[in-house]
Amino acid sequence: AGAAARRRRREIFTVSLAGLGMDVRQEARRRDVDFHINDIQVDLQSPTRDVVLKSLTRPFLQTHSQREDVTTLDVRLRQLKLTFGELEVSVTGVALEQALLLRRGFSLGTGGLALEEVLARANAPFHQLAREPP
C-alpha cells in the first residue's frame, strides 16, 4: 500500500459557522462591503470530544471595508473595520497537542512535493506520473 493508504485520515477539529451574510454596495469607483458571521463553534473530535471555541454573543464577526478606486488592479482599502463578539475558549492539553500536530502538517517540507519535483513533473502527462488512482 502507498503512503497515503498507510496514513489514516480522520477529523481532528470541526468548525461550524451559522448566519453568514454579505452586503456589497458599489457607486462609480467606490465599493463598500459589509460581512458578518453570527455564530462559530470549533470542536475537537479526536482523540476526545471537546468544545474548543464558542461564540457567546452575536455577531461573532462583523467586518466593514471601503475601497475607493475599484478600477485599478491594486487593492487599496481606505477603511477596514473588524469587530469580534465575545468568545469562550477552552485549551486543554489534548487540544493543544492536536493543534500543534495540525500546524506541523501545514508546514513546508512535511509531505507533498518539493519545488524541483513539481517543475520536473510539469512536463509529463499526469497518467504517466500517477502511481495509484486518485
# chains A, B, ... in the order shown; residues from 1 in each chain; ligands from 1

call {"tool": "select_by_dssp", "arguments": {"residues": "chain A", "states": "strand (DSSP E)", "output": "MDAnalysis selection string"}}
result
chainID A and resid 13:27 30:44 50:55 61:67 77:84 87:89

call {"tool": "residues_around", "arguments": {"residues": "range 10-12 of chain A", "least_positions_apart": "4", "cutoff": "9 Å", "atoms": "only C-alpha atoms", "output": "PDB file with all heavy atoms, in the first residue's frame"}}
result
ATOM      1  N   ASP A  43     -14.928  22.421  17.432  1.00  0.00           N
ATOM      2  CA  ASP A  43     -14.949  21.235  18.287  1.00  0.00           C
ATOM      3  C   ASP A  43     -13.750  20.347  18.000  1.00  0.00           C
ATOM      4  O   ASP A  43     -13.394  20.132  16.842  1.00  0.00           O
ATOM      5  CB  ASP A  43     -16.220  20.407  18.035  1.00  0.00           C
ATOM      6  CG  ASP A  43     -17.480  21.158  18.403  1.00  0.00           C
ATOM      7  OD1 ASP A  43     -17.550  21.664  19.535  1.00  0.00           O
ATOM      8  OD2 ASP A  43     -18.387  21.241  17.562  1.00  0.00           O
ATOM      9  N   LEU A  44     -13.153  19.814  19.055  1.00  0.00           N
ATOM     10  CA  LEU A  44     -12.131  18.780  18.937  1.00  0.00           C
ATOM     11  C   LEU A  44     -12.870  17.455  18.800  1.00  0.00           C
ATOM     12  O   LEU A  44     -13.766  17.154  19.587  1.00  0.00           O
ATOM     13  CB  LEU A  44     -11.239  18.768  20.185  1.00  0.00           C
ATOM     14  CG  LEU A  44     -10.187  17.678  20.271  1.00  0.00           C
ATOM     15  CD1 LEU A  44      -9.115  17.880  19.203  1.00  0.00           C
ATOM     16  CD2 LEU A  44      -9.551  17.672  21.646  1.00  0.00           C
ATOM     17  N   GLN A  45     -12.543  16.670  17.784  1.00  0.00           N
ATOM     18  CA  GLN A  45     -13.230  15.412  17.525  1.00  0.00           C
ATOM     19  C   GLN A  45     -12.417  14.188  17.952  1.00  0.00           C
ATOM     20  O   GLN A  45     -12.980  13.158  18.274  1.00  0.00           O
ATOM     21  CB  GLN A  45     -13.577  15.291  16.037  1.00  0.00           C
ATOM     22  CG  GLN A  45     -14.495  16.362  15.533  1.00  0.00           C
ATOM     23  CD  GLN A  45     -15.879  16.298  16.157  1.00  0.00           C
ATOM     24  OE1 GLN A  45     -16.366  15.245  16.517  1.00  0.00           O
ATOM     25  NE2 GLN A  45     -16.519  17.443  16.298  1.00  0.00           N
ATOM     26  N   SER A  46     -11.101  14.299  17.883  1.00  0.00           N
ATOM     27  CA  SER A  46     -10.269  13.130  18.144  1.00  0.00           C
ATOM     28  C   SER A  46      -8.995  13.588  18.845  1.00  0.00           C
ATOM     29  O   SER A  46      -8.453  14.636  18.498  1.00  0.00           O
ATOM     30  CB  SER A  46      -9.925  12.459  16.812  1.00  0.00           C
ATOM     31  OG  SER A  46      -9.093  11.362  17.010  1.00  0.00           O
ATOM     32  N   PRO A  47      -8.500  12.919  19.811  1.00  0.00           N
ATOM     33  CA  PRO A  47      -8.892  11.619  20.329  1.00  0.00           C
ATOM     34  C   PRO A  47     -10.072  11.685  21.311  1.00  0.00           C
ATOM     35  O   PRO A  47     -10.688  10.662  21.600  1.00  0.00           O
ATOM     36  CB  PRO A  47      -7.640  11.114  21.032  1.00  0.00           C
ATOM     37  CG  PRO A  47      -6.929  12.349  21.460  1.00  0.00           C
ATOM     38  CD  PRO A  47      -7.248  13.375  20.420  1.00  0.00           C
ATOM     39  N   GLN A  98      -3.137  18.424  19.542  1.00  0.00           N
ATOM     40  CA  GLN A  98      -3.713  18.210  18.217  1.00  0.00           C
ATOM     41  C   GLN A  98      -3.525  19.445  17.326  1.00  0.00           C
ATOM     42  O   GLN A  98      -3.281  19.331  16.127  1.00  0.00           O
ATOM     43  CB  GLN A  98      -5.187  17.835  18.319  1.00  0.00           C
ATOM     44  CG  GLN A  98      -5.426  16.484  18.954  1.00  0.00           C
ATOM     45  CD  GLN A  98      -4.727  15.357  18.208  1.00  0.00           C
ATOM     46  OE1 GLN A  98      -4.732  15.290  16.989  1.00  0.00           O
ATOM     47  NE2 GLN A  98      -4.102  14.463  18.967  1.00  0.00           N
ATOM     48  N   ALA A  99      -3.641  20.643  17.904  1.00  0.00           N
ATOM     49  CA  ALA A  99      -3.421  21.874  17.139  1.00  0.00           C
ATOM     50  C   ALA A  99      -1.972  21.958  16.659  1.00  0.00           C
ATOM     51  O   ALA A  99      -1.706  22.358  15.517  1.00  0.00           O
ATOM     52  CB  ALA A  99      -3.780  23.097  17.975  1.00  0.00           C
ATOM     53  N   LEU A 102      -1.578  19.577  13.797  1.00  0.00           N
ATOM     54  CA  LEU A 102      -2.206  20.151  12.609  1.00  0.00           C
ATOM     55  C   LEU A 102      -1.298  21.212  11.986  1.00  0.00           C
ATOM     56  O   LEU A 102      -1.087  21.230  10.779  1.00  0.00           O
ATOM     57  CB  LEU A 102      -3.558  20.750  12.977  1.00  0.00           C
ATOM     58  CG  LEU A 102      -4.383  21.335  11.840  1.00  0.00           C
ATOM     59  CD1 LEU A 102      -4.771  20.255  10.837  1.00  0.00           C
ATOM     60  CD2 LEU A 102      -5.627  22.012  12.400  1.00  0.00           C
TER      61      LEU A 102
END

call {"tool": "residues_around", "arguments": {"residues": "range 88-91 of chain A", "least_positions_apart": "4", "cutoff": "7 Å", "atoms": "only C-alpha atoms", "output": "MDAnalysis selection string"}}
result
chainID A and resid 51:56 95:96

call {"tool": "write_last_selection", "arguments": {"atoms": "N, CA, C and O atoms", "output": "compact mmCIF listing (two decimals), in the first residue's frame"}}
result
# COMPACT_ATOMS: atom_id res chain seq x y z
N VAL A 51 -15.42 21.01 23.22
CA VAL A 51 -15.64 22.30 22.57
C VAL A 51 -14.42 23.16 22.85
O VAL A 51 -14.06 23.39 24.00
N VAL A 52 -13.77 23.63 21.78
CA VAL A 52 -12.55 24.41 21.91
C VAL A 52 -12.85 25.91 21.88
O VAL A 52 -12.26 26.69 22.61
N LEU A 53 -13.79 26.31 21.03
CA LEU A 53 -14.12 27.73 20.89
C LEU A 53 -15.61 27.86 20.59
O LEU A 53 -16.14 27.10 19.77
N LYS A 54 -16.27 28.81 21.24
CA LYS A 54 -17.71 29.03 21.03
C LYS A 54 -18.00 30.51 21.17
O LYS A 54 -17.54 31.16 22.11
N SER A 55 -18.76 31.04 20.20
CA SER A 55 -19.16 32.44 20.30
C SER A 55 -20.28 32.56 21.31
O SER A 55 -21.17 31.72 21.38
N LEU A 56 -20.23 33.62 22.12
CA LEU A 56 -21.24 33.84 23.16
C LEU A 56 -22.20 34.97 22.81
O LEU A 56 -23.30 35.02 23.35
N ALA A 95 -6.17 19.25 23.24
CA ALA A 95 -6.49 20.18 22.15
C ALA A 95 -5.22 20.88 21.65
O ALA A 95 -5.01 21.03 20.44
N LEU A 96 -4.35 21.29 22.57
CA LEU A 96 -3.11 21.95 22.18
C LEU A 96 -2.21 21.00 21.40
O LEU A 96 -1.64 21.37 20.37

call {"tool": "closest_residue", "arguments": {"among": "A:Phe35, A:Phe126, A:Phe84, A:Phe13", "to": "Arg49 in chain A", "atoms": "only C-alpha atoms"}}
result
A:Phe13

call {"tool": "residues_around", "arguments": {"residues": "Lys81 in chain A", "least_positions_apart": "6", "cutoff": "7 Å", "atoms": "only C-alpha atoms", "output": "list in words"}}
result
Thr63, His64 and Ser65 of chain A

call {"tool": "write_last_selection", "arguments": {"atoms": "N, CA and C atoms", "output": "PDB file, in the first residue's frame"}}
result
ATOM      1  N   THR A  63     -17.477  42.705   9.728  1.00  0.00           N
ATOM      2  CA  THR A  63     -16.451  43.486   9.034  1.00  0.00           C
ATOM      3  C   THR A  63     -17.102  44.538   8.158  1.00  0.00           C
ATOM      4  N   HIS A  64     -16.364  45.609   7.968  1.00  0.00           N
ATOM      5  CA  HIS A  64     -16.761  46.649   7.007  1.00  0.00           C
ATOM      6  C   HIS A  64     -15.492  47.079   6.294  1.00  0.00           C
ATOM      7  N   SER A  65     -15.543  47.080   4.965  1.00  0.00           N
ATOM      8  CA  SER A  65     -14.392  47.556   4.197  1.00  0.00           C
ATOM      9  C   SER A  65     -14.867  48.560   3.162  1.00  0.00           C
TER      10      SER A  65
END

call {"tool": "closest_residue", "arguments": {"among": "A:Ile37, A:Val94, A:Leu77, A:Leu17", "to": "Gln62 in chain A", "atoms": "only C-alpha atoms"}}
result
A:Ile37

call {"tool": "atom_distance", "arguments": {"atom1": "CA of Gly85 in chain A", "atom2": "CA of Asp23 in chain A"}}
result
19.4 Å

call {"tool": "select_by_dssp", "arguments": {"residues": "range 31-103 of chain A", "states": "helix (DSSP H, G or I)", "output": "PyMOL selection string"}}
result
chain A and resi 93-103

call {"tool": "closest_residue", "arguments": {"among": "A:Ala120, A:Leu129, A:Ile40, A:Ala28", "to": "Leu87 in chain A", "atoms": "only C-alpha atoms"}}
result
A:Ile40

call {"tool": "residues_around", "arguments": {"residues": "Gln26 in chain A", "least_positions_apart": "2", "cutoff": "12 Å", "atoms": "only C-alpha atoms", "output": "compact mmCIF listing (two decimals) with N, CA and C atoms, in the first residue's frame"}}
result
# COMPACT_ATOMS: atom_id res chain seq x y z
N ASP A 23 -23.16 42.16 2.29
CA ASP A 23 -23.84 43.22 1.57
C ASP A 23 -22.78 44.02 0.84
N VAL A 24 -22.93 44.14 -0.48
CA VAL A 24 -21.96 44.88 -1.30
C VAL A 24 -22.69 46.05 -1.95
N ALA A 28 -20.05 54.13 -8.68
CA ALA A 28 -18.97 54.63 -9.55
C ALA A 28 -17.67 53.88 -9.24
N ARG A 29 -16.74 54.52 -8.57
CA ARG A 29 -15.42 53.92 -8.32
C ARG A 29 -15.21 53.52 -6.87
N ARG A 30 -16.28 53.46 -6.08
CA ARG A 30 -16.16 53.12 -4.65
C ARG A 30 -17.01 51.89 -4.34
N ARG A 31 -16.46 51.01 -3.49
CA ARG A 31 -17.19 49.80 -3.09
C ARG A 31 -17.13 49.66 -1.57
N ASP A 32 -18.31 49.46 -0.97
CA ASP A 32 -18.42 49.17 0.45
C ASP A 32 -18.90 47.73 0.61
N VAL A 33 -18.24 46.98 1.50
CA VAL A 33 -18.61 45.59 1.73
C VAL A 33 -18.78 45.39 3.24
N ASP A 34 -19.96 44.90 3.62
CA ASP A 34 -20.24 44.50 5.00
C ASP A 34 -20.41 42.99 5.03
N SER A 65 -15.54 47.08 4.96
CA SER A 65 -14.39 47.56 4.20
C SER A 65 -14.87 48.56 3.16
N GLN A 66 -13.98 49.49 2.87
CA GLN A 66 -14.29 50.53 1.89
C GLN A 66 -13.09 50.65 0.95
N ARG A 67 -13.38 50.47 -0.32
CA ARG A 67 -12.34 50.56 -1.34
C ARG A 67 -12.70 51.70 -2.27
N GLU A 68 -11.77 52.62 -2.47
CA GLU A 68 -12.06 53.82 -3.25
C GLU A 68 -11.95 53.62 -4.76
N ASP A 69 -10.84 53.11 -5.24
CA ASP A 69 -10.62 53.02 -6.68
C ASP A 69 -10.73 51.57 -7.13
N VAL A 70 -11.94 51.12 -7.44
CA VAL A 70 -12.15 49.72 -7.79
C VAL A 70 -11.75 49.39 -9.22
N THR A 71 -11.38 50.40 -10.00
CA THR A 71 -10.99 50.15 -11.39
C THR A 71 -9.52 49.76 -11.53

call {"tool": "atom_distance", "arguments": {"atom1": "CA of Leu82 in chain A", "atom2": "CA of Pro59 in chain A"}}
result
11.3 Å
